[in-house]
file input-v3.pdb (PDB, C-alpha atoms)
MODEL        1
ATOM      1  CA  MET S   1      97.349 228.470-107.429
ATOM      2  CA  THR S   2      98.724 226.368-104.609
ATOM      3  CA  ASP S   3     101.915 227.207-102.695
ATOM      4  CA  HIS S   4     103.606 224.202-104.295
ATOM      5  CA  THR S   5     102.768 225.467-107.773
ATOM      6  CA  ILE S   6     104.024 228.976-107.007
ATOM      7  CA  ALA S   7     107.205 227.601-105.494
ATOM      8  CA  GLY S   8     107.733 225.418-108.553
ATOM      9  CA  GLU S   9     107.312 228.411-110.837
ATOM     10  CA  ARG S  10     109.849 230.416-108.823
ATOM     11  CA  HIS S  11     112.315 227.550-108.958
ATOM     12  CA  GLU S  12     111.847 227.226-112.722
ATOM     13  CA  SER S  13     112.321 230.984-113.171
ATOM     14  CA  ALA S  14     115.542 230.930-111.169
ATOM     15  CA  TRP S  15     116.809 227.957-113.213
ATOM     16  CA  ARG S  16     116.016 229.720-116.504
ATOM     17  CA  ASP S  17     117.782 232.907-115.444
ATOM     18  CA  GLY S  18     120.912 231.083-114.369
ATOM     19  CA  GLY S  19     120.095 230.807-110.669
ATOM     20  CA  PRO S  20     120.428 233.392-107.896
ATOM     21  CA  GLU S  21     124.120 232.655-107.446
ATOM     22  CA  ARG S  22     125.057 232.835-111.117
ATOM     23  CA  GLY S  23     122.956 235.772-112.304
ATOM     24  CA  PRO S  24     121.060 235.958-115.608
ATOM     25  CA  GLY S  25     121.619 233.057-117.983
ATOM     26  CA  PHE S  26     121.469 232.596-121.750
ATOM     27  CA  ALA S  27     117.649 232.437-121.885
ATOM     28  CA  TYR S  28     117.344 235.715-119.961
ATOM     29  CA  TRP S  29     119.680 237.647-122.231
ATOM     30  CA  TRP S  30     118.412 236.125-125.492
ATOM     31  CA  ASP S  31     114.766 236.888-124.730
ATOM     32  CA  ARG S  32     115.539 240.484-123.754
ATOM     33  CA  LEU S  33     118.451 241.556-125.936
ATOM     34  CA  GLY S  34     119.628 238.757-128.230
ATOM     35  CA  ILE S  35     116.718 238.697-130.647
ATOM     36  CA  VAL S  36     116.675 242.513-130.962
ATOM     37  CA  ALA S  37     120.443 242.554-131.540
ATOM     38  CA  VAL S  38     120.051 239.995-134.328
ATOM     39  CA  LEU S  39     117.409 242.194-135.980
ATOM     40  CA  ILE S  40     119.579 245.323-135.760
ATOM     41  CA  VAL S  41     122.617 243.545-137.210
ATOM     42  CA  LEU S  42     120.526 241.997-139.990
ATOM     43  CA  VAL S  43     118.957 245.326-140.980
ATOM     44  CA  ALA S  44     122.371 247.044-140.993
ATOM     45  CA  LEU S  45     123.865 244.245-143.076
ATOM     46  CA  MET S  46     121.056 244.317-145.618
ATOM     47  CA  ALA S  47     121.260 248.112-145.875
ATOM     48  CA  VAL S  48     124.941 247.830-146.794
ATOM     49  CA  ILE S  49     124.602 244.904-149.196
ATOM     50  CA  ALA S  50     121.393 246.078-150.909
ATOM     51  CA  PRO S  51     121.296 249.917-151.263
ATOM     52  CA  ASN S  52     117.567 249.884-152.096
ATOM     53  CA  PHE S  53     116.751 248.077-148.864
ATOM     54  CA  ALA S  54     116.512 251.144-146.619
ATOM     55  CA  THR S  55     114.173 253.194-148.840
ATOM     56  CA  VAL S  56     110.802 254.178-147.411
ATOM     57  CA  ASP S  57     108.890 252.352-150.142
ATOM     58  CA  ASN S  58     110.836 249.145-149.542
ATOM     59  CA  LEU S  59     110.381 249.339-145.770
ATOM     60  CA  LEU S  60     106.633 249.744-146.262
ATOM     61  CA  ASN S  61     106.648 246.774-148.630
ATOM     62  CA  ILE S  62     108.509 244.726-146.011
ATOM     63  CA  ALA S  63     105.962 245.711-143.379
ATOM     64  CA  ARG S  64     103.127 244.687-145.702
ATOM     65  CA  SER S  65     104.813 241.413-146.650
ATOM     66  CA  ILE S  66     105.439 240.301-143.063
ATOM     67  CA  SER S  67     101.905 241.080-141.921
ATOM     68  CA  ILE S  68     100.408 237.741-142.961
ATOM     69  CA  ASN S  69     103.111 235.605-141.353
ATOM     70  CA  ALA S  70     103.135 237.842-138.277
ATOM     71  CA  ILE S  71      99.380 237.397-137.794
ATOM     72  CA  LEU S  72      99.770 233.631-138.207
ATOM     73  CA  ALA S  73     102.636 233.659-135.700
ATOM     74  CA  ALA S  74     100.569 235.604-133.155
ATOM     75  CA  GLY S  75      97.990 232.812-133.074
ATOM     76  CA  MET S  76     100.697 230.158-133.147
ATOM     77  CA  THR S  77     102.272 231.721-130.046
ATOM     78  CA  PHE S  78      99.206 230.853-127.972
ATOM     79  CA  VAL S  79      99.320 227.248-129.172
ATOM     80  CA  ILE S  80     103.051 226.777-128.572
ATOM     81  CA  LEU S  81     102.793 228.402-125.128
ATOM     82  CA  THR S  82     100.558 225.466-124.158
ATOM     83  CA  ALA S  83     103.209 223.039-125.507
ATOM     84  CA  GLY S  84     101.081 222.373-128.596
ATOM     85  CA  ILE S  85     101.654 222.779-132.323
ATOM     86  CA  ASP S  86      99.404 223.628-135.273
ATOM     87  CA  LEU S  87     100.521 222.473-138.709
ATOM     88  CA  SER S  88      97.182 223.286-140.324
ATOM     89  CA  VAL S  89      97.345 227.094-140.346
ATOM     90  CA  GLY S  90      98.664 227.224-143.917
ATOM     91  CA  SER S  91      95.702 225.213-145.167
ATOM     92  CA  ILE S  92      93.341 227.347-143.069
ATOM     93  CA  VAL S  93      94.699 230.383-144.930
ATOM     94  CA  ALA S  94      93.584 228.780-148.196
ATOM     95  CA  VAL S  95      90.133 227.690-146.994
ATOM     96  CA  SER S  96      89.382 231.019-145.310
ATOM     97  CA  GLY S  97      90.401 232.951-148.412
ATOM     98  CA  VAL S  98      88.147 230.777-150.546
ATOM     99  CA  VAL S  99      85.205 231.247-148.170
ATOM    100  CA  ALA S 100      85.677 235.032-148.111
ATOM    101  CA  VAL S 101      85.973 235.340-151.898
ATOM    102  CA  LEU S 102      82.995 233.059-152.563
ATOM    103  CA  SER S 103      80.970 235.146-150.110
ATOM    104  CA  ALA S 104      81.985 238.367-151.863
ATOM    105  CA  VAL S 105      81.181 236.901-155.297
ATOM    106  CA  ALA S 106      77.724 236.029-153.934
ATOM    107  CA  ASP S 107      77.199 239.755-153.186
ATOM    108  CA  VAL S 108      77.716 239.423-149.444
ATOM    109  CA  PRO S 109      78.801 242.830-148.012
ATOM    110  CA  ALA S 110      82.543 243.216-147.486
ATOM    111  CA  PRO S 111      82.454 243.223-143.645
ATOM    112  CA  LEU S 112      80.401 240.020-143.593
ATOM    113  CA  ALA S 113      82.649 238.371-146.184
ATOM    114  CA  ILE S 114      85.661 239.135-143.981
ATOM    115  CA  VAL S 115      83.854 237.789-140.917
ATOM    116  CA  ALA S 116      82.932 234.637-142.854
ATOM    117  CA  GLY S 117      86.587 233.995-143.662
ATOM    118  CA  VAL S 118      87.692 234.531-140.056
ATOM    119  CA  LEU S 119      84.888 232.319-138.744
ATOM    120  CA  ALA S 120      85.886 229.565-141.169
ATOM    121  CA  GLY S 121      89.358 229.664-139.658
ATOM    122  CA  ALA S 122      87.991 229.667-136.112
ATOM    123  CA  VAL S 123      85.815 226.625-136.860
ATOM    124  CA  ALA S 124      88.833 224.753-138.234
ATOM    125  CA  GLY S 125      90.744 225.717-135.095
ATOM    126  CA  LEU S 126      87.863 224.502-132.946
ATOM    127  CA  LEU S 127      88.056 221.116-134.649
ATOM    128  CA  ASN S 128      91.775 220.944-133.899
ATOM    129  CA  GLY S 129      91.204 221.944-130.305
ATOM    130  CA  LEU S 130      88.421 219.446-129.646
ATOM    131  CA  LEU S 131      90.371 216.562-131.146
ATOM    132  CA  THR S 132      93.496 217.523-129.227
ATOM    133  CA  SER S 133      92.065 218.303-125.807
ATOM    134  CA  TYR S 134      88.910 216.229-125.439
ATOM    135  CA  LEU S 135      90.037 213.120-127.327
ATOM    136  CA  ALA S 136      93.618 213.434-126.037
ATOM    137  CA  LEU S 137      95.114 213.012-129.509
ATOM    138  CA  ALA S 138      98.623 214.253-130.281
ATOM    139  CA  ALA S 139      98.490 217.805-131.646
ATOM    140  CA  PHE S 140     101.140 217.041-134.256
ATOM    141  CA  ILE S 141      99.118 214.157-135.708
ATOM    142  CA  VAL S 142      95.769 215.946-135.491
ATOM    143  CA  THR S 143      96.925 219.116-137.212
ATOM    144  CA  LEU S 144      98.915 217.159-139.782
ATOM    145  CA  GLY S 145      95.681 215.380-140.680
ATOM    146  CA  THR S 146      93.557 218.535-140.757
ATOM    147  CA  MET S 147      96.273 220.255-142.806
ATOM    148  CA  THR S 148      95.750 217.651-145.537
ATOM    149  CA  CYS S 149      91.952 217.618-145.215
ATOM    150  CA  LEU S 150      91.604 221.391-145.348
ATOM    151  CA  ARG S 151      93.926 221.648-148.339
ATOM    152  CA  GLY S 152      91.742 219.101-150.105
ATOM    153  CA  LEU S 153      88.675 221.127-149.114
ATOM    154  CA  ALA S 154      90.171 224.280-150.642
ATOM    155  CA  TYR S 155      90.797 222.422-153.913
ATOM    156  CA  THR S 156      87.288 220.972-153.843
ATOM    157  CA  MET S 157      85.610 224.348-153.257
ATOM    158  CA  THR S 158      87.485 225.920-156.187
ATOM    159  CA  ASP S 159      87.557 222.891-158.516
ATOM    160  CA  GLY S 160      91.323 223.178-158.326
ATOM    161  CA  GLN S 161      91.348 226.568-160.073
ATOM    162  CA  PRO S 162      91.827 230.116-158.735
ATOM    163  CA  ILE S 163      88.650 232.164-158.422
ATOM    164  CA  VAL S 164      89.555 235.653-159.650
ATOM    165  CA  SER S 165      87.407 238.678-158.850
ATOM    166  CA  ASN S 166      88.780 242.016-160.036
ATOM    167  CA  THR S 167      85.915 243.781-158.261
ATOM    168  CA  LEU S 168      86.483 242.079-154.916
ATOM    169  CA  ASN S 169      84.638 244.211-152.366
ATOM    170  CA  PHE S 170      87.095 243.670-149.499
ATOM    171  CA  ARG S 171      90.293 244.214-151.461
ATOM    172  CA  ASP S 172      91.220 247.266-149.369
ATOM    173  CA  ILE S 173      92.081 245.086-146.384
ATOM    174  CA  GLY S 174      94.969 243.722-148.429
ATOM    175  CA  ASN S 175      95.873 246.650-150.697
ATOM    176  CA  GLY S 176      94.555 249.799-149.032
ATOM    177  CA  TYR S 177      96.268 252.432-146.886
ATOM    178  CA  MET S 178      95.306 254.113-143.643
ATOM    179  CA  LEU S 179      97.079 257.434-142.989
ATOM    180  CA  GLY S 180      99.854 256.324-145.324
ATOM    181  CA  VAL S 181     100.300 252.958-143.615
ATOM    182  CA  PRO S 182      99.284 249.739-145.433
ATOM    183  CA  VAL S 183      96.047 248.376-143.981
ATOM    184  CA  PRO S 184      97.534 244.867-143.409
ATOM    185  CA  VAL S 185     100.152 246.490-141.158
ATOM    186  CA  VAL S 186      97.419 248.275-139.184
ATOM    187  CA  VAL S 187      95.523 244.991-138.812
ATOM    188  CA  MET S 188      98.727 243.262-137.694
ATOM    189  CA  ALA S 189      99.317 245.938-135.055
ATOM    190  CA  VAL S 190      95.786 245.530-133.708
ATOM    191  CA  VAL S 191      96.183 241.733-133.555
ATOM    192  CA  TYR S 192      99.406 242.064-131.555
ATOM    193  CA  LEU S 193      97.926 244.603-129.167
ATOM    194  CA  VAL S 194      95.003 242.280-128.458
ATOM    195  CA  ALA S 195      97.300 239.260-128.122
ATOM    196  CA  TRP S 196      99.611 241.165-125.757
ATOM    197  CA  PHE S 197      96.677 242.246-123.619
ATOM    198  CA  LEU S 198      95.283 238.713-123.423
ATOM    199  CA  LEU S 199      98.614 237.174-122.416
ATOM    200  CA  GLU S 200      99.956 239.890-120.139
ATOM    201  CA  ARG S 201      96.909 241.482-118.535
ATOM    202  CA  THR S 202      94.222 238.823-118.148
ATOM    203  CA  ARG S 203      93.598 235.714-116.088
ATOM    204  CA  TYR S 204      93.198 233.812-119.337
ATOM    205  CA  GLY S 205      96.793 234.629-120.249
ATOM    206  CA  ARG S 206      98.024 233.332-116.892
ATOM    207  CA  HIS S 207      96.091 230.123-117.500
ATOM    208  CA  VAL S 208      97.729 229.710-120.930
ATOM    209  CA  TYR S 209     101.180 229.953-119.354
ATOM    210  CA  ALA S 210     100.156 227.623-116.528
ATOM    211  CA  VAL S 211      98.905 224.924-118.913
ATOM    212  CA  GLY S 212     102.112 225.089-120.910
ATOM    213  CA  GLY S 213     104.325 225.071-117.828
ATOM    214  CA  ASN S 214     102.664 222.113-116.130
ATOM    215  CA  ALA S 215      99.221 221.004-117.251
ATOM    216  CA  GLU S 216      98.639 218.712-114.283
ATOM    217  CA  ALA S 217      99.613 221.373-111.756
ATOM    218  CA  ALA S 218      97.344 223.834-113.569
ATOM    219  CA  ARG S 219      94.449 221.355-113.374
ATOM    220  CA  LEU S 220      94.986 220.850-109.663
ATOM    221  CA  ALA S 221      95.023 224.624-109.233
ATOM    222  CA  GLY S 222      91.550 224.854-110.790
ATOM    223  CA  VAL S 223      92.391 225.707-114.399
ATOM    224  CA  ASN S 224      90.113 224.152-117.013
ATOM    225  CA  VAL S 225      92.958 222.689-119.064
ATOM    226  CA  ARG S 226      90.746 221.289-121.812
ATOM    227  CA  LEU S 227      88.936 224.574-122.336
ATOM    228  CA  VAL S 228      92.164 226.588-122.411
ATOM    229  CA  THR S 229      93.770 224.131-124.833
ATOM    230  CA  THR S 230      90.759 224.226-127.148
ATOM    231  CA  SER S 231      90.608 228.016-127.022
ATOM    232  CA  VAL S 232      94.212 228.531-128.164
ATOM    233  CA  TYR S 233      93.561 226.468-131.290
ATOM    234  CA  VAL S 234      90.440 228.532-131.967
ATOM    235  CA  LEU S 235      92.534 231.709-131.642
ATOM    236  CA  ALA S 236      95.192 230.272-133.961
ATOM    237  CA  GLY S 237      92.500 229.323-136.481
ATOM    238  CA  ALA S 238      90.905 232.775-136.315
ATOM    239  CA  CYS S 239      94.291 234.430-136.890
ATOM    240  CA  ALA S 240      94.915 232.103-139.831
ATOM    241  CA  GLY S 241      91.445 232.959-141.146
ATOM    242  CA  LEU S 242      92.225 236.672-140.949
ATOM    243  CA  ALA S 243      95.565 236.088-142.679
ATOM    244  CA  GLY S 244      93.733 234.144-145.405
ATOM    245  CA  VAL S 245      91.317 237.019-145.987
ATOM    246  CA  ILE S 246      94.207 239.492-146.282
ATOM    247  CA  PHE S 247      96.042 237.182-148.692
ATOM    248  CA  ALA S 248      92.933 236.792-150.866
ATOM    249  CA  ALA S 249      92.438 240.560-150.865
ATOM    250  CA  ARG S 250      96.049 241.170-151.920
ATOM    251  CA  VAL S 251      95.806 238.849-154.930
ATOM    252  CA  VAL S 252      92.067 239.613-155.503
ATOM    253  CA  SER S 253      91.368 235.919-155.849
ATOM    254  CA  ALA S 254      90.847 232.671-153.981
ATOM    255  CA  GLN S 255      93.897 230.455-154.392
ATOM    256  CA  PRO S 256      93.637 226.788-153.316
ATOM    257  CA  THR S 257      97.438 226.745-153.033
ATOM    258  CA  ALA S 258      97.552 229.775-150.731
ATOM    259  CA  GLY S 259      99.431 229.355-147.468
ATOM    260  CA  THR S 260     101.512 226.369-148.535
ATOM    261  CA  GLY S 261     104.427 226.121-146.116
ATOM    262  CA  TYR S 262     103.273 229.113-144.063
ATOM    263  CA  GLU S 263     103.031 226.984-140.923
ATOM    264  CA  LEU S 264     106.821 226.550-140.859
ATOM    265  CA  ASP S 265     107.398 230.298-141.194
ATOM    266  CA  ALA S 266     104.989 230.948-138.322
ATOM    267  CA  ILE S 267     106.636 228.354-136.079
ATOM    268  CA  ALA S 268     110.082 229.734-136.912
ATOM    269  CA  ALA S 269     108.992 233.282-136.023
ATOM    270  CA  VAL S 270     107.550 232.141-132.697
ATOM    271  CA  VAL S 271     110.632 230.158-131.687
ATOM    272  CA  LEU S 272     113.027 232.868-132.910
ATOM    273  CA  GLY S 273     111.071 235.289-130.749
ATOM    274  CA  GLY S 274     111.869 233.348-127.607
ATOM    275  CA  THR S 275     108.836 231.102-127.093
ATOM    276  CA  SER S 276     109.815 227.616-125.985
ATOM    277  CA  LEU S 277     108.543 224.632-127.949
ATOM    278  CA  MET S 278     108.113 222.907-124.576
ATOM    279  CA  GLY S 279     105.531 225.528-123.589
ATOM    280  CA  GLY S 280     105.101 227.828-120.620
ATOM    281  CA  ARG S 281     107.627 230.473-121.653
ATOM    282  CA  GLY S 282     107.554 233.229-124.261
ATOM    283  CA  ARG S 283     106.237 236.693-125.026
ATOM    284  CA  ILE S 284     104.205 238.086-127.889
ATOM    285  CA  PRO S 285     106.555 241.045-128.650
ATOM    286  CA  GLY S 286     109.323 238.517-129.279
ATOM    287  CA  THR S 287     107.148 236.788-131.872
ATOM    288  CA  LEU S 288     106.702 240.082-133.702
ATOM    289  CA  VAL S 289     110.476 240.626-133.753
ATOM    290  CA  GLY S 290     110.957 237.063-135.011
ATOM    291  CA  SER S 291     108.494 237.727-137.825
ATOM    292  CA  ILE S 292     110.303 240.920-138.770
ATOM    293  CA  ILE S 293     113.638 239.080-138.873
ATOM    294  CA  LEU S 294     112.248 236.498-141.285
ATOM    295  CA  GLY S 295     110.674 239.226-143.429
ATOM    296  CA  VAL S 296     113.847 241.302-143.549
ATOM    297  CA  LEU S 297     115.907 238.227-144.410
ATOM    298  CA  SER S 298     113.536 237.180-147.190
ATOM    299  CA  THR S 299     113.348 240.662-148.712
ATOM    300  CA  GLY S 300     117.104 241.100-148.504
ATOM    301  CA  LEU S 301     117.714 237.842-150.325
ATOM    302  CA  ILE S 302     115.315 238.898-153.073
ATOM    303  CA  LEU S 303     117.025 242.271-153.463
ATOM    304  CA  MET S 304     120.373 240.450-153.733
ATOM    305  CA  ASN S 305     118.881 238.298-156.533
ATOM    306  CA  VAL S 306     119.444 235.099-154.563
ATOM    307  CA  PRO S 307     117.781 232.171-156.402
ATOM    308  CA  PHE S 308     114.478 230.972-154.926
ATOM    309  CA  PHE S 309     115.817 227.506-154.144
ATOM    310  CA  THR S 310     118.724 229.011-152.238
ATOM    311  CA  GLN S 311     116.236 231.120-150.283
ATOM    312  CA  LEU S 312     114.503 227.904-149.216
ATOM    313  CA  LEU S 313     117.845 226.543-148.073
ATOM    314  CA  VAL S 314     118.527 229.654-145.996
ATOM    315  CA  LYS S 315     115.039 229.520-144.491
ATOM    316  CA  GLY S 316     115.552 225.882-143.488
ATOM    317  CA  VAL S 317     118.832 226.771-141.790
ATOM    318  CA  VAL S 318     117.095 229.575-139.883
ATOM    319  CA  ILE S 319     114.426 227.171-138.637
ATOM    320  CA  ILE S 320     117.080 224.709-137.445
ATOM    321  CA  LEU S 321     118.976 227.528-135.711
ATOM    322  CA  ALA S 322     115.794 228.685-134.008
ATOM    323  CA  ILE S 323     115.172 225.200-132.627
ATOM    324  CA  GLY S 324     118.827 224.961-131.583
ATOM    325  CA  ILE S 325     118.570 228.245-129.680
ATOM    326  CA  ASP S 326     115.440 226.991-127.931
ATOM    327  CA  SER S 327     117.342 223.862-126.888
ATOM    328  CA  LEU S 328     120.218 225.955-125.511
ATOM    329  CA  LYS S 329     117.780 228.075-123.518
ATOM    330  CA  ARG S 330     116.326 224.992-121.869
ATOM    331  CA  ARG S 331     119.746 223.544-120.960
ATOM    332  CA  PRO S 332     120.560 224.118-117.282
ATOM    333  CA  PRO S 333     123.748 226.108-116.709
ATOM    334  CA  ARG S 334     126.792 224.260-115.458
ATOM    335  CA  LEU S 335     127.856 224.761-111.899
ATOM    336  CA  SER S 336     131.259 226.377-111.558
ATOM    337  CA  ARG S 337     133.747 224.570-109.359
TER     338      ARG S 337
ENDMDL
END
call {"tool": "encode", "arguments": {"input": "input-v3.pdb", "output": "structure tokens"}}
result
Amino acid sequence: MTDHTIAGERHESAWRDGGPERGPGFAYWWDRLGIVAVLIVLVALMAVIAPNFATVDNLLNIARSISINAILAAGMTFVILTAGIDLSVGSIVAVSGVVAVLSAVADVPAPLAIVAGVLAGAVAGLLNGLLTSYLALAAFIVTLGTMTCLRGLAYTMTDGQPIVSNTLNFRDIGNGYMLGVPVPVVVMAVVYLVAWFLLERTRYGRHVYAVGGNAEAARLAGVNVRLVTTSVYVLAGACAGLAGVIFAARVVSAQPTAGTGYELDAIAAVVLGGTSLMGGRGRIPGTLVGSIILGVLSTGLILMNVPFFTQLLVKGVVIILAIGIDSLKRRPPRLSR
């Protein structure tokens, strides 16, 4: 990168952290301690309110239940880091699950059926990426459109009815255990390790941050902005495809309604975890913590017998709070007189 770009990044970092004279600011402390503190307080509160919350079986169930949203959020992190958005991941979950189940029903071996589902998600992501980066269309509009189209495709492929297969050959990826740990949790851990490595230890990760921080400066510094932008949507689609396969395996069926509303949960987890909706700032471990917070909150509300509609209300409030926190983090600190 050029000296001007590096200097700009240093200036932005100092502004985020409160400036050299003022010390660390709100964004610094929230990203490092705030989100973890919220999780600790929430877990302690739920353990007191719902005695069954802290049992080993329930904790394993929580880990299994958050795995799908956490995998979605991992892919969404890449997109939001580039200042983009993907509203189609919920529909990709449905289409990918349908593709995987139809492949299994056609006697395709389990590994290939899983790959087919993931590839279906990646292809959908590629479509989003091409329309967004090469045709310069707004990501919100593009993914809103593909969200509707893909949902219609899922209904078309299933004739609007679930396709149930009690002998589904890849069901273990959703219901199995590995050394006592649910397989979806193991898959989630692998996804986050790969995502962390890509963002923190590769040139590609630096390019993702650069595009989100300042796309024009990144282009001038030699970054292929279009290619990077397209690639993050492919990654998000592949993650959604994997999540769709796991969902289908858990319910041993292809559900055209699968993934409805999942995009909002994924976005909420990413923003709660410290990634800015404006792009260029965020870390993948924070997204995992954000996903855990949402999972703990949801499970706690169920254990407290909170009505489903009230749970939706609480979830909406959490999303608004997450966006509010992101806005506070981007607000420059006031100078003391």
call {"tool": "closest_residue", "arguments": {"input": "input-v3.pdb", "among": "S:Cys239, S:Gly205, S:Val270, S:Gly280", "to": "Ile293 (chain S)", "atoms": "all atoms listed in the file"}}
result
S:Val270
call {"tool": "closest_residue", "arguments": {"input": "input-v3.pdb", "among": "S:Ser133, S:Ser165, S:Thr77, S:Thr156", "to": "Gly279 (chain S)", "atoms": "all atoms listed in the file"}}
result
S:Thr77
call {"tool": "residues_around", "arguments": {"input": "input-v3.pdb", "residues": "region 217-233 of chain S", "least_positions_apart": "2", "cutoff": "8 Å", "atoms": "all atoms listed in the file", "output": "list in words"}}
result
Met1, Thr2, Thr5, Gly75, Phe78, Val79, Thr82, Asp86, Gly125, Leu126, Asn128, Gly129, Leu130, Thr132, Ser133, Tyr134, Tyr204, His207, Val208, Ala210, Val211, Asn214, Ala215, Leu235, Ala236 and Gly237 of chain S
call {"tool": "write_last_selection", "arguments": {"input": "input-v3.pdb", "atoms": "C-alpha atoms", "output": "PDB file, in the frame of the given file"}}
result
ATOM      1  CA  MET S   1      97.349 228.470-107.429  1.00  0.00           C
ATOM      2  CA  THR S   2      98.724 226.368-104.609  1.00  0.00           C
ATOM      3  CA  THR S   5     102.768 225.467-107.773  1.00  0.00           C
ATOM      4  CA  GLY S  75      97.990 232.812-133.074  1.00  0.00           C
ATOM      5  CA  PHE S  78      99.206 230.853-127.972  1.00  0.00           C
ATOM      6  CA  VAL S  79      99.320 227.248-129.172  1.00  0.00           C
ATOM      7  CA  THR S  82     100.558 225.466-124.158  1.00  0.00           C
ATOM      8  CA  ASP S  86      99.404 223.628-135.273  1.00  0.00           C
ATOM      9  CA  GLY S 125      90.744 225.717-135.095  1.00  0.00           C
ATOM     10  CA  LEU S 126      87.863 224.502-132.946  1.00  0.00           C
ATOM     11  CA  ASN S 128      91.775 220.944-133.899  1.00  0.00           C
ATOM     12  CA  GLY S 129      91.204 221.944-130.305  1.00  0.00           C
ATOM     13  CA  LEU S 130      88.421 219.446-129.646  1.00  0.00           C
ATOM     14  CA  THR S 132      93.496 217.523-129.227  1.00  0.00           C
ATOM     15  CA  SER S 133      92.065 218.303-125.807  1.00  0.00           C
ATOM     16  CA  TYR S 134      88.910 216.229-125.439  1.00  0.00           C
ATOM     17  CA  TYR S 204      93.198 233.812-119.337  1.00  0.00           C
ATOM     18  CA  HIS S 207      96.091 230.123-117.500  1.00  0.00           C
ATOM     19  CA  VAL S 208      97.729 229.710-120.930  1.00  0.00           C
ATOM     20  CA  ALA S 210     100.156 227.623-116.528  1.00  0.00           C
ATOM     21  CA  VAL S 211      98.905 224.924-118.913  1.00  0.00           C
ATOM     22  CA  ASN S 214     102.664 222.113-116.130  1.00  0.00           C
ATOM     23  CA  ALA S 215      99.221 221.004-117.251  1.00  0.00           C
ATOM     24  CA  LEU S 235      92.534 231.709-131.642  1.00  0.00           C
ATOM     25  CA  ALA S 236      95.192 230.272-133.961  1.00  0.00           C
ATOM     26  CA  GLY S 237      92.500 229.323-136.481  1.00  0.00           C
TER      27      GLY S 237
END
call {"tool": "atom_distance", "arguments": {"input": "input-v3.pdb", "atom1": "CA of Pro51 (chain S)", "atom2": "CA of Val314 (chain S)"}}
result
21.1 Å
call {"tool": "closest_residue", "arguments": {"input": "input-v3.pdb", "among": "S:Ile92, S:Ala266, S:Leu127, S:Leu153", "to": "Phe247 (chain S)", "atoms": "all atoms listed in the file"}}
result
S:Ile92
call {"tool": "atom_distance", "arguments": {"input": "input-v3.pdb", "atom1": "CA of Ala44 (chain S)", "atom2": "CA of Leu264 (chain S)"}}
result
25.7 Å
call {"tool": "closest_residue", "arguments": {"input": "input-v3.pdb", "among": "S:Leu42, S:Gly324, S:Gly180, S:Ala240", "to": "Val271 (chain S)", "atoms": "all atoms listed in the file"}}
result
S:Gly324
call {"tool": "axis_aligned_box", "arguments": {"input": "input-v3.pdb", "around": "region 130-135 of chain S", "padding_each_side": "6 Å", "output": "AutoDock Vina command-line options"}}
result
--center_x 91.0 --center_y 216.3 --center_z -128.3 --size_x 17.1 --size_y 18.3 --size_z 17.7
call {"tool": "atom_distance", "arguments": {"input": "input-v3.pdb", "atom1": "CA of Met304 (chain S)", "atom2": "CA of Ala249 (chain S)"}}
result
28.1 Å
call {"tool": "residues_around", "arguments": {"input": "input-v3.pdb", "residues": "Gln161 (chain S)", "least_positions_apart": "5", "cutoff": "9 Å", "atoms": "all atoms listed in the file", "output": "ChimeraX atom specification"}}
result
/S:155,254-256
call {"tool": "residues_around", "arguments": {"input": "input-v3.pdb", "residues": "region 110-124 of chain S", "least_positions_apart": "4", "cutoff": "6 Å", "atoms": "all atoms listed in the file", "output": "PDB file with C-alpha atoms, in the coordinates of the input"}}
result
ATOM      1  CA  ILE S  92      93.341 227.347-143.069  1.00  0.00           C
ATOM      2  CA  SER S  96      89.382 231.019-145.310  1.00  0.00           C
ATOM      3  CA  VAL S  99      85.205 231.247-148.170  1.00  0.00           C
ATOM      4  CA  ALA S 100      85.677 235.032-148.111  1.00  0.00           C
ATOM      5  CA  SER S 103      80.970 235.146-150.110  1.00  0.00           C
ATOM      6  CA  ALA S 104      81.985 238.367-151.863  1.00  0.00           C
ATOM      7  CA  ASN S 169      84.638 244.211-152.366  1.00  0.00           C
ATOM      8  CA  PHE S 170      87.095 243.670-149.499  1.00  0.00           C
ATOM      9  CA  VAL S 234      90.440 228.532-131.967  1.00  0.00           C
ATOM     10  CA  GLY S 237      92.500 229.323-136.481  1.00  0.00           C
ATOM     11  CA  ALA S 238      90.905 232.775-136.315  1.00  0.00           C
ATOM     12  CA  GLY S 241      91.445 232.959-141.146  1.00  0.00           C
ATOM     13  CA  LEU S 242      92.225 236.672-140.949  1.00  0.00           C
TER      14      LEU S 242
END
call {"tool": "closest_residue", "arguments": {"input": "input-v3.pdb", "among": "S:Ala138, S:Ile71, S:Ala54, S:Val318", "to": "Val187 (chain S)", "atoms": "all atoms listed in the file"}}
result
S:Ile71
call {"tool": "residues_near_point", "arguments": {"input": "input-v3.pdb", "point": "(101.1, 236.9, -129.5)", "cutoff": "12 Å", "atoms": "all atoms listed in the file", "output": "ChimeraX atom specification"}}
result
/S:70-81,188-200,205,208,232,235-236,239,266,269-271,273-275,282-291
call {"tool": "residues_around", "arguments": {"input": "input-v3.pdb", "residues": "Leu312 (chain S)", "least_positions_apart": "6", "cutoff": "12 Å", "atoms": "all atoms listed in the file", "output": "list in words"}}
result
Gly261, Leu264, Asp265, Leu294, Leu297, Ser298, Leu301, Ile302, Val306, Val318 and Ile319 of chain S
call {"tool": "closest_residue", "arguments": {"input": "input-v3.pdb", "among": "S:Ala106, S:Val98, S:Val142, S:Ile62", "to": "Asp159 (chain S)", "atoms": "all atoms listed in the file"}}
result
S:Val98
call {"tool": "residues_around", "arguments": {"input": "input-v3.pdb", "residues": "Asn61 (chain S)", "least_positions_apart": "6", "cutoff": "12 Å", "atoms": "all atoms listed in the file", "output": "JSON, numbers by chain"}}
result
{"S": [52, 53, 54, 55, 67, 175, 177, 181, 182, 183, 184, 185, 295, 296, 298, 299, 300]}
